[in-house]
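S.K.: Next comes final13.cif, mmCIF, C-alpha atoms and all ligand atoms:
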```cif
data_work
loop_
_atom_site.group_PDB
_atom_site.id
_atom_site.type_symbol
_atom_site.label_atom_id
_atom_site.label_comp_id
_atom_site.auth_asym_id
_atom_site.auth_seq_id
_atom_site.Cartn_x
_atom_site.Cartn_y
_atom_site.Cartn_z
ATOM 1 C CA MET A 257 82.244 30.757 -44.737
ATOM 2 C CA LYS A 258 82.537 27.179 -43.465
ATOM 3 C CA ASP A 259 84.532 24.430 -45.185
ATOM 4 C CA ASN A 260 81.662 22.013 -45.844
ATOM 5 C CA ILE A 261 80.877 20.412 -49.177
ATOM 6 C CA ILE A 262 77.165 20.747 -49.867
ATOM 7 C CA LEU A 263 75.315 18.607 -52.396
ATOM 8 C CA THR A 264 72.080 19.987 -53.816
ATOM 9 C CA GLY A 265 69.744 18.802 -56.551
ATOM 10 C CA PHE A 266 66.401 17.276 -57.363
ATOM 11 C CA MET A 267 65.085 14.119 -55.675
ATOM 12 C CA GLY A 268 66.801 11.089 -57.161
ATOM 13 C CA CYS A 269 69.814 12.989 -58.547
ATOM 14 C CA GLY A 270 72.098 10.863 -56.359
ATOM 15 C CA LYS A 271 73.025 13.252 -53.529
ATOM 16 C CA THR A 272 73.097 10.493 -50.921
ATOM 17 C CA SER A 273 74.939 7.944 -53.068
ATOM 18 C CA VAL A 274 77.454 10.539 -54.273
ATOM 19 C CA GLY A 275 77.801 11.872 -50.727
ATOM 20 C CA ILE A 276 78.658 8.476 -49.267
ATOM 21 C CA ARG A 277 81.287 7.785 -51.932
ATOM 22 C CA LEU A 278 82.682 11.283 -51.595
ATOM 23 C CA SER A 279 82.969 10.883 -47.858
ATOM 24 C CA TYR A 280 85.297 7.911 -48.408
ATOM 25 C CA ALA A 281 87.263 9.679 -51.130
ATOM 26 C CA LEU A 282 87.792 12.855 -49.109
ATOM 27 C CA LYS A 283 87.739 11.333 -45.626
ATOM 28 C CA ARG A 284 84.963 13.555 -44.384
ATOM 29 C CA THR A 285 81.887 12.437 -42.502
ATOM 30 C CA MET A 286 78.513 13.021 -44.063
ATOM 31 C CA ILE A 287 75.316 14.590 -42.816
ATOM 32 C CA ASP A 288 71.977 14.269 -44.611
ATOM 33 C CA THR A 289 69.475 17.049 -43.806
ATOM 34 C CA ASP A 290 66.441 14.729 -44.190
ATOM 35 C CA LYS A 291 67.962 12.202 -41.789
ATOM 36 C CA TRP A 292 69.014 14.974 -39.402
ATOM 37 C CA ILE A 293 65.413 16.251 -39.305
ATOM 38 C CA GLU A 294 63.960 12.735 -38.955
ATOM 39 C CA LYS A 295 66.230 12.029 -36.009
ATOM 40 C CA LYS A 296 65.391 15.283 -34.290
ATOM 41 C CA GLN A 297 61.654 14.839 -34.925
ATOM 42 C CA GLU A 298 61.678 11.098 -34.243
ATOM 43 C CA ARG A 299 59.449 10.525 -37.281
ATOM 44 C CA SER A 300 59.843 10.162 -41.027
ATOM 45 C CA VAL A 301 59.707 12.969 -43.608
ATOM 46 C CA SER A 302 56.490 11.394 -44.930
ATOM 47 C CA ASP A 303 54.928 11.564 -41.463
ATOM 48 C CA ILE A 304 56.004 15.182 -41.021
ATOM 49 C CA PHE A 305 54.373 16.089 -44.359
ATOM 50 C CA ALA A 306 51.214 14.167 -43.483
ATOM 51 C CA GLU A 307 50.869 15.410 -39.911
ATOM 52 C CA ASP A 308 52.210 18.996 -40.063
ATOM 53 C CA GLY A 309 52.199 19.854 -43.775
ATOM 54 C CA GLU A 310 54.949 20.892 -46.182
ATOM 55 C CA GLU A 311 55.414 24.408 -44.793
ATOM 56 C CA SER A 312 56.377 23.045 -41.380
ATOM 57 C CA PHE A 313 58.894 20.738 -42.990
ATOM 58 C CA ARG A 314 60.378 23.715 -44.893
ATOM 59 C CA GLN A 315 60.796 25.590 -41.623
ATOM 60 C CA MET A 316 62.546 22.562 -40.132
ATOM 61 C CA GLU A 317 64.922 22.530 -43.116
ATOM 62 C CA THR A 318 65.858 26.171 -42.598
ATOM 63 C CA ALA A 319 66.308 25.574 -38.865
ATOM 64 C CA CYS A 320 68.504 22.572 -39.684
ATOM 65 C CA ILE A 321 70.792 24.646 -41.930
ATOM 66 C CA ARG A 322 71.038 27.368 -39.289
ATOM 67 C CA GLU A 323 72.083 24.814 -36.692
ATOM 68 C CA LEU A 324 74.598 23.121 -38.994
ATOM 69 C CA ILE A 325 76.262 26.511 -39.572
ATOM 70 C CA GLU A 326 76.798 26.776 -35.831
ATOM 71 C CA THR A 327 77.905 23.214 -35.204
ATOM 72 C CA GLU A 328 79.515 21.563 -38.246
ATOM 73 C CA ASN A 329 82.660 21.955 -40.314
ATOM 74 C CA HIS A 330 84.715 19.860 -42.801
ATOM 75 C CA ARG A 331 81.695 17.665 -43.584
ATOM 76 C CA ILE A 332 79.797 16.561 -46.631
ATOM 77 C CA ILE A 333 76.220 17.737 -46.372
ATOM 78 C CA SER A 334 73.552 16.180 -48.560
ATOM 79 C CA THR A 335 70.412 18.339 -48.717
ATOM 80 C CA GLY A 336 66.733 17.678 -49.355
ATOM 81 C CA GLY A 337 65.705 18.443 -52.937
ATOM 82 C CA GLY A 338 63.493 21.363 -51.962
ATOM 83 C CA LEU A 339 66.008 23.291 -49.877
ATOM 84 C CA PRO A 340 67.341 25.652 -52.572
ATOM 85 C CA ALA A 341 63.779 26.389 -53.712
ATOM 86 C CA ARG A 342 63.411 28.626 -50.688
ATOM 87 C CA GLU A 343 65.191 31.907 -51.347
ATOM 88 C CA GLU A 344 66.077 32.566 -47.720
ATOM 89 C CA ASN A 345 68.119 29.340 -47.669
ATOM 90 C CA HIS A 346 70.535 30.565 -50.347
ATOM 91 C CA ALA A 347 72.598 32.856 -48.120
ATOM 92 C CA LEU A 348 72.531 30.238 -45.361
ATOM 93 C CA LEU A 349 73.759 27.471 -47.670
ATOM 94 C CA LYS A 350 76.540 29.767 -48.931
ATOM 95 C CA GLU A 351 77.567 30.390 -45.366
ATOM 96 C CA LEU A 352 77.590 26.657 -44.685
ATOM 97 C CA GLY A 353 80.028 25.798 -47.484
ATOM 98 C CA ARG A 354 80.686 25.194 -51.186
ATOM 99 C CA ILE A 355 77.617 24.168 -53.099
ATOM 100 C CA TYR A 356 77.720 21.445 -55.751
ATOM 101 C CA TYR A 357 74.494 21.186 -57.706
ATOM 102 C CA LEU A 358 74.015 17.673 -59.123
ATOM 103 C CA LYS A 359 72.020 18.329 -62.293
ATOM 104 C CA VAL A 360 69.884 15.490 -63.585
ATOM 105 C CA THR A 361 67.253 15.039 -66.301
ATOM 106 C CA PRO A 362 63.587 14.351 -65.421
ATOM 107 C CA GLU A 363 63.798 11.051 -67.330
ATOM 108 C CA VAL A 364 66.575 9.728 -65.103
ATOM 109 C CA VAL A 365 64.708 10.802 -61.970
ATOM 110 C CA PHE A 366 61.541 9.075 -63.133
ATOM 111 C CA GLU A 367 63.381 5.837 -63.882
ATOM 112 C CA ARG A 368 65.110 5.891 -60.502
ATOM 113 C CA LEU A 369 62.102 6.818 -58.391
ATOM 114 C CA LYS A 370 59.391 4.747 -60.079
ATOM 115 C CA GLY A 371 57.561 3.000 -57.267
ATOM 116 C CA ASP A 372 59.243 5.019 -54.515
ATOM 117 C CA THR A 373 56.907 5.629 -51.582
ATOM 118 C CA THR A 374 59.155 7.793 -49.424
ATOM 119 C CA ARG A 375 58.814 11.107 -51.315
ATOM 120 C CA PRO A 376 55.471 12.689 -50.411
ATOM 121 C CA LEU A 377 55.658 15.171 -53.295
ATOM 122 C CA LEU A 378 55.708 12.362 -55.882
ATOM 123 C CA GLN A 379 52.863 10.242 -54.545
ATOM 124 C CA GLY A 380 50.113 11.709 -56.772
ATOM 125 C CA GLU A 381 48.438 10.522 -59.972
ATOM 126 C CA ASP A 382 51.146 11.330 -62.495
ATOM 127 C CA PRO A 383 54.629 11.378 -60.911
ATOM 128 C CA GLN A 384 56.340 11.840 -64.280
ATOM 129 C CA LYS A 385 54.473 15.082 -64.924
ATOM 130 C CA LYS A 386 55.080 16.220 -61.352
ATOM 131 C CA ILE A 387 58.818 15.600 -61.716
ATOM 132 C CA GLU A 388 58.906 17.613 -64.955
ATOM 133 C CA SER A 389 56.961 20.589 -63.641
ATOM 134 C CA LEU A 390 58.637 20.719 -60.237
ATOM 135 C CA MET A 391 62.075 20.444 -61.790
ATOM 136 C CA ALA A 392 61.328 23.187 -64.337
ATOM 137 C CA MET A 393 60.115 25.422 -61.521
ATOM 138 C CA ARG A 394 63.172 24.785 -59.334
ATOM 139 C CA GLN A 395 65.868 24.806 -62.003
ATOM 140 C CA PRO A 396 66.633 28.561 -61.708
ATOM 141 C CA SER A 397 66.964 28.282 -57.917
ATOM 142 C CA TYR A 398 69.330 25.331 -58.137
ATOM 143 C CA GLU A 399 71.512 27.178 -60.644
ATOM 144 C CA LYS A 400 71.463 30.429 -58.728
ATOM 145 C CA CYS A 401 72.369 28.703 -55.494
ATOM 146 C CA ALA A 402 75.333 26.716 -56.888
ATOM 147 C CA ASP A 403 79.065 27.293 -56.853
ATOM 148 C CA TYR A 404 79.543 24.339 -59.219
ATOM 149 C CA VAL A 405 77.122 22.553 -61.535
ATOM 150 C CA ILE A 406 77.866 18.847 -62.055
ATOM 151 C CA GLU A 407 75.904 17.095 -64.803
ATOM 152 C CA VAL A 408 75.161 13.609 -63.483
ATOM 153 C CA SER A 409 72.806 11.997 -66.017
ATOM 154 C CA GLY A 410 74.469 9.082 -67.793
ATOM 155 C CA LYS A 411 77.636 9.289 -65.706
ATOM 156 C CA LYS A 412 79.116 6.627 -63.461
ATOM 157 C CA PHE A 413 79.538 7.461 -59.778
ATOM 158 C CA GLU A 414 83.326 7.301 -60.191
ATOM 159 C CA GLU A 415 83.217 10.019 -62.855
ATOM 160 C CA ILE A 416 81.058 12.273 -60.708
ATOM 161 C CA ILE A 417 83.297 11.783 -57.670
ATOM 162 C CA GLU A 418 86.388 12.475 -59.754
ATOM 163 C CA GLU A 419 84.930 15.750 -61.048
ATOM 164 C CA ILE A 420 84.160 16.934 -57.548
ATOM 165 C CA VAL A 421 87.517 15.801 -56.136
ATOM 166 C CA ILE A 422 89.365 17.635 -58.936
ATOM 167 C CA LYS A 423 87.440 20.822 -58.172
ATOM 168 C CA GLU A 424 88.137 20.460 -54.461
ATOM 169 C CA ASN A 425 91.852 19.798 -55.017
ATOM 170 C CA SER A 426 92.229 22.732 -57.405
ATOM 171 C CA ARG A 427 91.217 25.027 -54.563
ATOM 172 C CA LEU A 428 94.134 23.989 -52.369
HETATM 173 C C1 LIG A 501 61.896 16.904 -51.187
HETATM 174 C C2 LIG A 501 62.992 16.072 -51.308
HETATM 175 C C3 LIG A 501 63.280 15.001 -50.349
HETATM 176 C C4 LIG A 501 62.721 15.353 -48.976
HETATM 177 C C5 LIG A 501 61.264 15.686 -49.082
HETATM 178 C C6 LIG A 501 60.982 16.860 -50.016
HETATM 179 C C7 LIG A 501 61.657 17.940 -52.231
HETATM 180 O O1 LIG A 501 64.693 14.784 -50.242
HETATM 181 O O2 LIG A 501 63.421 16.428 -48.413
HETATM 182 O O3 LIG A 501 60.590 14.546 -49.518
HETATM 183 O O4 LIG A 501 60.880 18.878 -51.982
HETATM 184 O O5 LIG A 501 62.259 17.838 -53.321
HETATM 185 P P1 LIG A 501 65.586 14.067 -51.398
HETATM 186 O O6 LIG A 501 65.946 15.129 -52.397
HETATM 187 O O7 LIG A 501 66.779 13.587 -50.662
HETATM 188 O O8 LIG A 501 64.772 12.993 -51.985
#
```
Can you give me the file's structure in the form of C-alpha cells?

M.R.:
Amino acid sequence: MKDNIILTGFMGCGKTSVGIRLSYALKRTMIDTDKWIEKKQERSVSDIFAEDGEESFRQMETACIRELIETENHRIISTGGGLPAREENHALLKELGRIYYLKVTPEVVFERLKGDTTRPLLQGEDPQKKIESLMAMRQPSYEKCADYVIEVSGKKFEEIIEEIVIKENSRL
C-alpha cells in the first residue's frame, strides 16, 4: 500500500479546500483527480460529460487511479465525488493510500453549491433533491471505502485539519 492521503466525499464537502490546507500542514503536494483528468484530456469535466457521457468519465477516473498507483507517493489526493461509487475503485483506492471520507450533510452541500455551473450532475431542475438522492445512494459506498470518517458539517477548516493531522501522527 502507498503512503498517500486520499480525501473522498460528496461534491461540495470541501475535499479541495481541506486538501490545500492539509498540504501546507503536512508538507505534501496535492493532486486532484478532476484536474488531473482535465489536464490529460485538455478539456473540462463538464465538456467530457457533454461530449462523451458520464460512463466515459468514470472510466477515465479509474484509469487515473491506476496511473497514480504507479507514479505517486507521499501526496494528498483529492478525488471526484463519484469515485467511491464505483465498486471496482475501492481496492484501487486502498492500494493508493489511506482514505479519509469527509462526511457532509445535504443541506451544507446545497448551500455551498447553489448556483454552481461546473458540476454536470447538479445542473437539472431540482438540485436540492438530486443532492439528497445521490448522497443517500452513495453513502454506503463512501462508508465502506473509508479508513476514517471525518464529519465536516459545521466545523471550521482548522478543526478538520487538526483531526486528520492527529490521526496521521498517531500512526507514526
Ligand atoms: C462528480 C463530482 C465532481 C466531478 C464530476 C462528477 C460526482 O467532483 O468529478 O462533476 O459524480 O459526484 P467534486 O466532488 O470535486 O465536485

S.K.: Find the residue from A:Leu282, A:Ile355, A:Ala319, A:Ala341 that sits nearest to ligand LIG 501 (chain A); use all atoms listed in the file when measuring.

M.R.: A:Ala341

S.K.: So which one's closest to Ser312 of chain A, A:Ile325, A:Ile262, A:Ile416, A:Ile293? Using all atoms listed in the file, please.

M.R.: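 Closest candidate: A:Ile293.
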
S.K.: Using all atoms listed in the file, which residue out of A:Ala281, A:Cys269, A:Leu348, A:Leu339 lies closest to Val360 of chain A?

M.R.: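 The answer is A:Cys269, which sits nearest to Val360 of chain A.
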
S.K.: List the neighbours of Met286 of chain A out to 7 Å using all atoms listed in the file; skip same-chain residues closer than 6 positions along the sequence, and give me the result as a list in words.

M.R.: Gly275, Ile276, Ser279, Arg331, Ile332 and Ile333 of chain A

S.K.: Take the selection from the previous step and output its residues with C-alpha atoms, as a PDB file, in the frame of the given file.

M.R.:
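Saved result, selection13.pdb, follows:
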```pdb
ATOM      1  CA  GLY A 275      77.801  11.872 -50.727  1.00  0.00           C
ATOM      2  CA  ILE A 276      78.658   8.476 -49.267  1.00  0.00           C
ATOM      3  CA  SER A 279      82.969  10.883 -47.858  1.00  0.00           C
ATOM      4  CA  ARG A 331      81.695  17.665 -43.584  1.00  0.00           C
ATOM      5  CA  ILE A 332      79.797  16.561 -46.631  1.00  0.00           C
ATOM      6  CA  ILE A 333      76.220  17.737 -46.372  1.00  0.00           C
TER       7      ILE A 333
END
```

S.K.: What is the atom CA of Ala402 of chain A to atom CA of Glu351 of chain A distance in Å?

M.R.: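 Going from atom CA of Ala402 of chain A over to atom CA of Glu351 of chain A covers 12.3 Å.
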
S.K.: Evaluate the PyMOL selection byres (((not hetatm)) within 6 of (chain A and resi 501)) on the structure here and hand back the selected residues as an NGL selection string.

M.R.: :A and (266-268 or 290 or 336-338 or 375-376)

S.K.: Suppose you want the space between atom CA of Ile261 of chain A and atom CA of Arg354 of chain A; what is it in Å?

M.R.: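 Atom CA of Arg354 of chain A lies 5.2 Å from atom CA of Ile261 of chain A.
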
S.K.: Got a minute to add N, CA, C and O atoms to segment 374-387 of chain A and dump it as a PDB file, keeping the file's coordinate frame?

M.R.:
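Result file follows (part_16.pdb):
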```pdb
ATOM      1  N   THR A 374      58.636   6.972 -50.529  1.00  0.00           N
ATOM      2  CA  THR A 374      59.155   7.793 -49.424  1.00  0.00           C
ATOM      3  C   THR A 374      59.151   9.293 -49.732  1.00  0.00           C
ATOM      4  O   THR A 374      59.468  10.092 -48.865  1.00  0.00           O
ATOM      5  N   ARG A 375      58.834   9.674 -50.974  1.00  0.00           N
ATOM      6  CA  ARG A 375      58.814  11.107 -51.315  1.00  0.00           C
ATOM      7  C   ARG A 375      57.377  11.595 -51.434  1.00  0.00           C
ATOM      8  O   ARG A 375      56.734  11.363 -52.468  1.00  0.00           O
ATOM      9  N   PRO A 376      56.880  12.275 -50.406  1.00  0.00           N
ATOM     10  CA  PRO A 376      55.471  12.689 -50.411  1.00  0.00           C
ATOM     11  C   PRO A 376      55.074  13.514 -51.632  1.00  0.00           C
ATOM     12  O   PRO A 376      53.941  13.410 -52.109  1.00  0.00           O
ATOM     13  N   LEU A 377      56.023  14.299 -52.168  1.00  0.00           N
ATOM     14  CA  LEU A 377      55.658  15.171 -53.295  1.00  0.00           C
ATOM     15  C   LEU A 377      55.433  14.400 -54.594  1.00  0.00           C
ATOM     16  O   LEU A 377      54.878  14.934 -55.546  1.00  0.00           O
ATOM     17  N   LEU A 378      55.857  13.129 -54.630  1.00  0.00           N
ATOM     18  CA  LEU A 378      55.708  12.362 -55.882  1.00  0.00           C
ATOM     19  C   LEU A 378      54.682  11.240 -55.759  1.00  0.00           C
ATOM     20  O   LEU A 378      54.674  10.308 -56.556  1.00  0.00           O
ATOM     21  N   GLN A 379      53.815  11.338 -54.769  1.00  0.00           N
ATOM     22  CA  GLN A 379      52.863  10.242 -54.545  1.00  0.00           C
ATOM     23  C   GLN A 379      51.543  10.385 -55.309  1.00  0.00           C
ATOM     24  O   GLN A 379      50.681   9.549 -55.203  1.00  0.00           O
ATOM     25  N   GLY A 380      51.403  11.467 -56.099  1.00  0.00           N
ATOM     26  CA  GLY A 380      50.113  11.709 -56.772  1.00  0.00           C
ATOM     27  C   GLY A 380      49.861  10.819 -57.981  1.00  0.00           C
ATOM     28  O   GLY A 380      50.525   9.803 -58.180  1.00  0.00           O
ATOM     29  N   GLU A 381      48.927  11.256 -58.793  1.00  0.00           N
ATOM     30  CA  GLU A 381      48.438  10.522 -59.972  1.00  0.00           C
ATOM     31  C   GLU A 381      49.521  10.275 -61.021  1.00  0.00           C
ATOM     32  O   GLU A 381      49.676   9.181 -61.521  1.00  0.00           O
ATOM     33  N   ASP A 382      50.226  11.371 -61.361  1.00  0.00           N
ATOM     34  CA  ASP A 382      51.146  11.330 -62.495  1.00  0.00           C
ATOM     35  C   ASP A 382      52.531  11.828 -62.069  1.00  0.00           C
ATOM     36  O   ASP A 382      52.886  12.982 -62.316  1.00  0.00           O
ATOM     37  N   PRO A 383      53.330  10.943 -61.430  1.00  0.00           N
ATOM     38  CA  PRO A 383      54.629  11.378 -60.911  1.00  0.00           C
ATOM     39  C   PRO A 383      55.561  11.936 -61.997  1.00  0.00           C
ATOM     40  O   PRO A 383      56.326  12.867 -61.744  1.00  0.00           O
ATOM     41  N   GLN A 384      55.456  11.380 -63.210  1.00  0.00           N
ATOM     42  CA  GLN A 384      56.340  11.840 -64.280  1.00  0.00           C
ATOM     43  C   GLN A 384      56.113  13.331 -64.564  1.00  0.00           C
ATOM     44  O   GLN A 384      57.050  14.117 -64.696  1.00  0.00           O
ATOM     45  N   LYS A 385      54.837  13.690 -64.661  1.00  0.00           N
ATOM     46  CA  LYS A 385      54.473  15.082 -64.924  1.00  0.00           C
ATOM     47  C   LYS A 385      54.896  15.965 -63.744  1.00  0.00           C
ATOM     48  O   LYS A 385      55.370  17.085 -63.939  1.00  0.00           O
ATOM     49  N   LYS A 386      54.720  15.456 -62.554  1.00  0.00           N
ATOM     50  CA  LYS A 386      55.080  16.220 -61.352  1.00  0.00           C
ATOM     51  C   LYS A 386      56.585  16.475 -61.319  1.00  0.00           C
ATOM     52  O   LYS A 386      57.033  17.577 -60.996  1.00  0.00           O
ATOM     53  N   ILE A 387      57.353  15.449 -61.676  1.00  0.00           N
ATOM     54  CA  ILE A 387      58.818  15.600 -61.716  1.00  0.00           C
ATOM     55  C   ILE A 387      59.186  16.691 -62.714  1.00  0.00           C
ATOM     56  O   ILE A 387      59.969  17.589 -62.424  1.00  0.00           O
TER      57      ILE A 387
END
```
